>>> print(open('protein26.cif').read())   # mmCIF, N, CA and C atoms
data_protein
loop_
_atom_site.group_PDB
_atom_site.id
_atom_site.type_symbol
_atom_site.label_atom_id
_atom_site.label_comp_id
_atom_site.auth_asym_id
_atom_site.auth_seq_id
_atom_site.Cartn_x
_atom_site.Cartn_y
_atom_site.Cartn_z
ATOM 1 N N MET S 1 0.862 -1.186 0.000
ATOM 2 C CA MET S 1 0.000 0.000 0.000
ATOM 3 C C MET S 1 0.902 1.240 0.000
ATOM 4 N N SER S 2 0.608 2.180 -0.856
ATOM 5 C CA SER S 2 1.421 3.391 -0.955
ATOM 6 C C SER S 2 1.078 4.378 0.160
ATOM 7 N N SER S 3 1.935 5.377 0.341
ATOM 8 C CA SER S 3 1.702 6.407 1.359
ATOM 9 C C SER S 3 0.389 7.135 1.099
ATOM 10 N N VAL S 4 0.126 7.440 -0.157
ATOM 11 C CA VAL S 4 -1.104 8.152 -0.514
ATOM 12 C C VAL S 4 -2.323 7.305 -0.144
ATOM 13 N N GLN S 5 -2.275 6.032 -0.459
ATOM 14 C CA GLN S 5 -3.390 5.145 -0.133
ATOM 15 C C GLN S 5 -3.589 5.029 1.381
ATOM 16 N N ARG S 6 -2.481 4.957 2.135
ATOM 17 C CA ARG S 6 -2.584 4.889 3.597
ATOM 18 C C ARG S 6 -3.236 6.138 4.164
ATOM 19 N N ILE S 7 -2.842 7.304 3.644
ATOM 20 C CA ILE S 7 -3.419 8.567 4.109
ATOM 21 C C ILE S 7 -4.904 8.621 3.751
ATOM 22 N N MET S 8 -5.227 8.221 2.528
ATOM 23 C CA MET S 8 -6.628 8.225 2.097
ATOM 24 C C MET S 8 -7.475 7.332 3.004
ATOM 25 N N GLN S 9 -6.951 6.180 3.357
ATOM 26 C CA GLN S 9 -7.683 5.252 4.209
ATOM 27 C C GLN S 9 -7.765 5.771 5.649
ATOM 28 N N SER S 10 -6.663 6.290 6.166
ATOM 29 C CA SER S 10 -6.628 6.762 7.558
ATOM 30 C C SER S 10 -7.547 7.943 7.804
ATOM 31 N N PHE S 11 -7.585 8.876 6.855
ATOM 32 C CA PHE S 11 -8.324 10.114 7.051
ATOM 33 C C PHE S 11 -9.612 10.190 6.223
ATOM 34 N N SER S 12 -9.916 9.129 5.509
ATOM 35 C CA SER S 12 -11.107 9.110 4.640
ATOM 36 C C SER S 12 -11.153 10.348 3.750
ATOM 37 N N CYS S 13 -10.087 10.548 3.010
ATOM 38 C CA CYS S 13 -9.993 11.743 2.162
ATOM 39 C C CYS S 13 -9.728 11.349 0.714
ATOM 40 N N SER S 14 -9.763 12.342 -0.151
ATOM 41 C CA SER S 14 -9.513 12.111 -1.574
ATOM 42 C C SER S 14 -8.011 11.952 -1.830
ATOM 43 N N GLU S 15 -7.698 11.446 -2.999
ATOM 44 C CA GLU S 15 -6.298 11.298 -3.393
ATOM 45 C C GLU S 15 -5.612 12.665 -3.433
ATOM 46 N N GLU S 16 -6.310 13.649 -3.957
ATOM 47 C CA GLU S 16 -5.767 15.012 -4.039
ATOM 48 C C GLU S 16 -5.406 15.553 -2.650
ATOM 49 N N ASP S 17 -6.308 15.372 -1.686
ATOM 50 C CA ASP S 17 -6.051 15.848 -0.326
ATOM 51 C C ASP S 17 -4.889 15.096 0.311
ATOM 52 N N ALA S 18 -4.804 13.786 0.047
ATOM 53 C CA ALA S 18 -3.718 12.976 0.598
ATOM 54 C C ALA S 18 -2.369 13.436 0.049
ATOM 55 N N ILE S 19 -2.315 13.707 -1.237
ATOM 56 C CA ILE S 19 -1.073 14.180 -1.858
ATOM 57 C C ILE S 19 -0.703 15.550 -1.303
ATOM 58 N N ARG S 20 -1.690 16.433 -1.172
ATOM 59 C CA ARG S 20 -1.435 17.762 -0.615
ATOM 60 C C ARG S 20 -0.882 17.632 0.812
ATOM 61 N N TYR S 21 -1.493 16.755 1.620
ATOM 62 C CA TYR S 21 -1.041 16.518 2.994
ATOM 63 C C TYR S 21 0.417 16.051 3.013
ATOM 64 N N LEU S 22 0.748 15.071 2.191
ATOM 65 C CA LEU S 22 2.122 14.553 2.156
ATOM 66 C C LEU S 22 3.113 15.620 1.707
ATOM 67 N N ASN S 23 2.740 16.427 0.730
ATOM 68 C CA ASN S 23 3.616 17.505 0.277
ATOM 69 C C ASN S 23 3.861 18.524 1.393
ATOM 70 N N LEU S 24 2.819 18.851 2.131
ATOM 71 C CA LEU S 24 2.966 19.799 3.240
ATOM 72 C C LEU S 24 3.856 19.228 4.332
ATOM 73 N N ARG S 25 3.736 17.925 4.610
ATOM 74 C CA ARG S 25 4.595 17.282 5.599
ATOM 75 C C ARG S 25 6.054 17.333 5.144
ATOM 76 N N GLU S 26 6.285 17.107 3.843
ATOM 77 C CA GLU S 26 7.644 17.172 3.301
ATOM 78 C C GLU S 26 8.218 18.576 3.408
ATOM 79 N N GLU S 27 7.352 19.587 3.340
ATOM 80 C CA GLU S 27 7.792 20.977 3.470
ATOM 81 C C GLU S 27 8.104 21.343 4.916
ATOM 82 N N GLY S 28 7.771 20.448 5.839
ATOM 83 C CA GLY S 28 8.118 20.689 7.238
ATOM 84 C C GLY S 28 6.970 21.063 8.148
ATOM 85 N N TYR S 29 5.757 21.058 7.635
ATOM 86 C CA TYR S 29 4.606 21.383 8.483
ATOM 87 C C TYR S 29 4.313 20.218 9.426
ATOM 88 N N SER S 30 3.813 20.521 10.609
ATOM 89 C CA SER S 30 3.416 19.478 11.551
ATOM 90 C C SER S 30 2.248 18.703 10.952
ATOM 91 N N SER S 31 2.023 17.503 11.468
ATOM 92 C CA SER S 31 0.926 16.698 10.920
ATOM 93 C C SER S 31 -0.413 17.407 11.129
ATOM 94 N N TYR S 32 -0.587 18.042 12.292
ATOM 95 C CA TYR S 32 -1.840 18.752 12.563
ATOM 96 C C TYR S 32 -2.040 19.912 11.588
ATOM 97 N N ARG S 33 -1.005 20.715 11.413
ATOM 98 C CA ARG S 33 -1.095 21.873 10.514
ATOM 99 C C ARG S 33 -1.324 21.421 9.066
ATOM 100 N N ALA S 34 -0.632 20.353 8.667
ATOM 101 C CA ALA S 34 -0.779 19.835 7.307
ATOM 102 C C ALA S 34 -2.204 19.328 7.075
ATOM 103 N N LYS S 35 -2.793 18.676 8.090
ATOM 104 C CA LYS S 35 -4.184 18.211 7.956
ATOM 105 C C LYS S 35 -5.126 19.392 7.767
ATOM 106 N N LEU S 36 -4.919 20.439 8.542
ATOM 107 C CA LEU S 36 -5.761 21.627 8.401
ATOM 108 C C LEU S 36 -5.622 22.245 7.023
ATOM 109 N N MET S 37 -4.385 22.416 6.586
ATOM 110 C CA MET S 37 -4.120 23.070 5.305
ATOM 111 C C MET S 37 -4.584 22.229 4.112
ATOM 112 N N ALA S 38 -4.575 20.899 4.264
ATOM 113 C CA ALA S 38 -5.011 20.012 3.182
ATOM 114 C C ALA S 38 -6.518 19.818 3.187
ATOM 115 N N GLY S 39 -7.177 20.310 4.222
ATOM 116 C CA GLY S 39 -8.625 20.169 4.302
ATOM 117 C C GLY S 39 -9.071 18.829 4.851
ATOM 118 N N ILE S 40 -8.154 18.102 5.469
ATOM 119 C CA ILE S 40 -8.474 16.791 6.026
ATOM 120 C C ILE S 40 -9.098 16.930 7.408
ATOM 121 N N ALA S 41 -8.699 17.952 8.144
ATOM 122 C CA ALA S 41 -9.217 18.182 9.496
ATOM 123 C C ALA S 41 -9.828 19.576 9.583
ATOM 124 N N ASP S 42 -10.746 19.730 10.500
ATOM 125 C CA ASP S 42 -11.366 21.027 10.742
ATOM 126 C C ASP S 42 -10.665 21.722 11.903
ATOM 127 N N PRO S 43 -10.546 23.038 11.829
ATOM 128 C CA PRO S 43 -9.945 23.761 12.948
ATOM 129 C C PRO S 43 -10.853 23.684 14.169
ATOM 130 N N PRO S 44 -10.284 23.869 15.347
ATOM 131 C CA PRO S 44 -11.129 23.836 16.544
ATOM 132 C C PRO S 44 -12.112 25.001 16.532
ATOM 133 N N ASP S 45 -13.251 24.790 17.132
ATOM 134 C CA ASP S 45 -14.271 25.825 17.233
ATOM 135 C C ASP S 45 -13.930 26.693 18.440
ATOM 136 N N ILE S 46 -13.344 27.863 18.220
ATOM 137 C CA ILE S 46 -12.880 28.691 19.330
ATOM 138 C C ILE S 46 -14.030 29.208 20.182
ATOM 139 N N TYR S 47 -15.183 29.389 19.567
ATOM 140 C CA TYR S 47 -16.325 29.868 20.339
ATOM 141 C C TYR S 47 -16.823 28.790 21.296
ATOM 142 N N GLU S 48 -16.843 27.557 20.827
ATOM 143 C CA GLU S 48 -17.271 26.449 21.675
ATOM 144 C C GLU S 48 -16.295 26.265 22.837
ATOM 145 N N GLU S 49 -14.995 26.355 22.546
ATOM 146 C CA GLU S 49 -13.993 26.218 23.599
ATOM 147 C C GLU S 49 -14.098 27.353 24.607
ATOM 148 N N ALA S 50 -14.304 28.569 24.127
ATOM 149 C CA ALA S 50 -14.418 29.718 25.026
ATOM 150 C C ALA S 50 -15.658 29.585 25.903
ATOM 151 N N PHE S 51 -16.754 29.114 25.331
ATOM 152 C CA PHE S 51 -17.978 28.918 26.093
ATOM 153 C C PHE S 51 -17.769 27.866 27.181
ATOM 154 N N ALA S 52 -17.114 26.775 26.838
ATOM 155 C CA ALA S 52 -16.860 25.711 27.817
ATOM 156 C C ALA S 52 -15.977 26.223 28.946
ATOM 157 N N GLU S 53 -14.978 27.017 28.613
ATOM 158 C CA GLU S 53 -14.081 27.580 29.635
ATOM 159 C C GLU S 53 -14.841 28.545 30.540
ATOM 160 N N THR S 54 -15.715 29.356 29.964
ATOM 161 C CA THR S 54 -16.525 30.293 30.752
ATOM 162 C C THR S 54 -17.443 29.534 31.696
ATOM 163 N N GLU S 55 -18.074 28.484 31.190
ATOM 164 C CA GLU S 55 -18.958 27.663 32.026
ATOM 165 C C GLU S 55 -18.180 27.053 33.189
ATOM 166 N N LYS S 56 -16.983 26.577 32.905
ATOM 167 C CA LYS S 56 -16.163 25.953 33.940
ATOM 168 C C LYS S 56 -15.799 26.979 35.016
ATOM 169 N N CYS S 57 -15.445 28.183 34.602
ATOM 170 C CA CYS S 57 -15.098 29.245 35.559
ATOM 171 C C CYS S 57 -16.296 29.646 36.412
ATOM 172 N N MET S 58 -17.469 29.662 35.820
ATOM 173 C CA MET S 58 -18.665 30.078 36.543
ATOM 174 C C MET S 58 -19.094 29.035 37.576
ATOM 175 N N GLN S 59 -18.704 27.786 37.371
ATOM 176 C CA GLN S 59 -19.083 26.727 38.295
ATOM 177 C C GLN S 59 -18.186 26.674 39.534
ATOM 178 N N LYS S 60 -17.026 27.287 39.456
ATOM 179 C CA LYS S 60 -16.115 27.304 40.598
ATOM 180 C C LYS S 60 -16.703 28.151 41.713
ATOM 181 N N GLU S 61 -16.539 27.677 42.909
ATOM 182 C CA GLU S 61 -17.008 28.461 44.058
ATOM 183 C C GLU S 61 -15.979 29.538 44.381
ATOM 184 N N PRO S 62 -16.426 30.700 44.778
ATOM 185 C CA PRO S 62 -15.486 31.760 45.111
ATOM 186 C C PRO S 62 -14.659 31.389 46.336
ATOM 187 N N GLU S 63 -13.393 31.814 46.295
ATOM 188 C CA GLU S 63 -12.497 31.545 47.423
ATOM 189 C C GLU S 63 -12.831 32.472 48.583
ATOM 190 N N GLN S 64 -12.690 31.962 49.789
ATOM 191 C CA GLN S 64 -12.998 32.776 50.973
ATOM 192 C C GLN S 64 -11.749 33.100 51.738
#
>>> encode(input="protein26.cif", output="structure tokens")
Amino acid sequence: MSSVQRIMQSFSCSEEDAIRYLNLREEGYSSYRAKLMAGIADPPDIYEEAFAETEKCMQKEPEQ
């Protein structure tokens, strides 16, 4: 199995996206960054993360 086929199978992506991902990795990008740039992964939802952090802070009891 070729590298492109492994990437396609691992990430359920097209051949084009797999090739783009491998090229970005060869250029020195991290696997996470390459996935984002190749369209294989979605960026984190910053609003959802901020909301979760706010909820967590609001649940803490004030220090006495």
>>> residues_near_point(input="protein26.cif", point="(-0.6, 20.8, 2.5)", cutoff="5 Å", atoms="only N, CA and C atoms", output="PyMOL selection string")
chain S and resi 20-21+24+34+37-38
>>> atom_distance(input="protein26.cif", atom1="atom N of Glu15 (chain S)", atom2="atom C of Arg33 (chain S)")
16.9 Å
>>> atom_distance(input="protein26.cif", atom1="atom C of Asp17 (chain S)", atom2="atom N of Ile46 (chain S)")
23.6 Å
>>> atom_distance(input="protein26.cif", atom1="CA of Ser31 (chain S)", atom2="CA of Thr54 (chain S)")
29.7 Å
>>> residues_around(input="protein26.cif", residues="Leu22 (chain S)", least_positions_apart="3", cutoff="9 Å", atoms="only C-alpha atoms", output="list in words")
Ser3, Val4, Ile7, Asp17, Ala18, Ile19, Arg25, Glu26, Glu27 and Ala34 of chain S
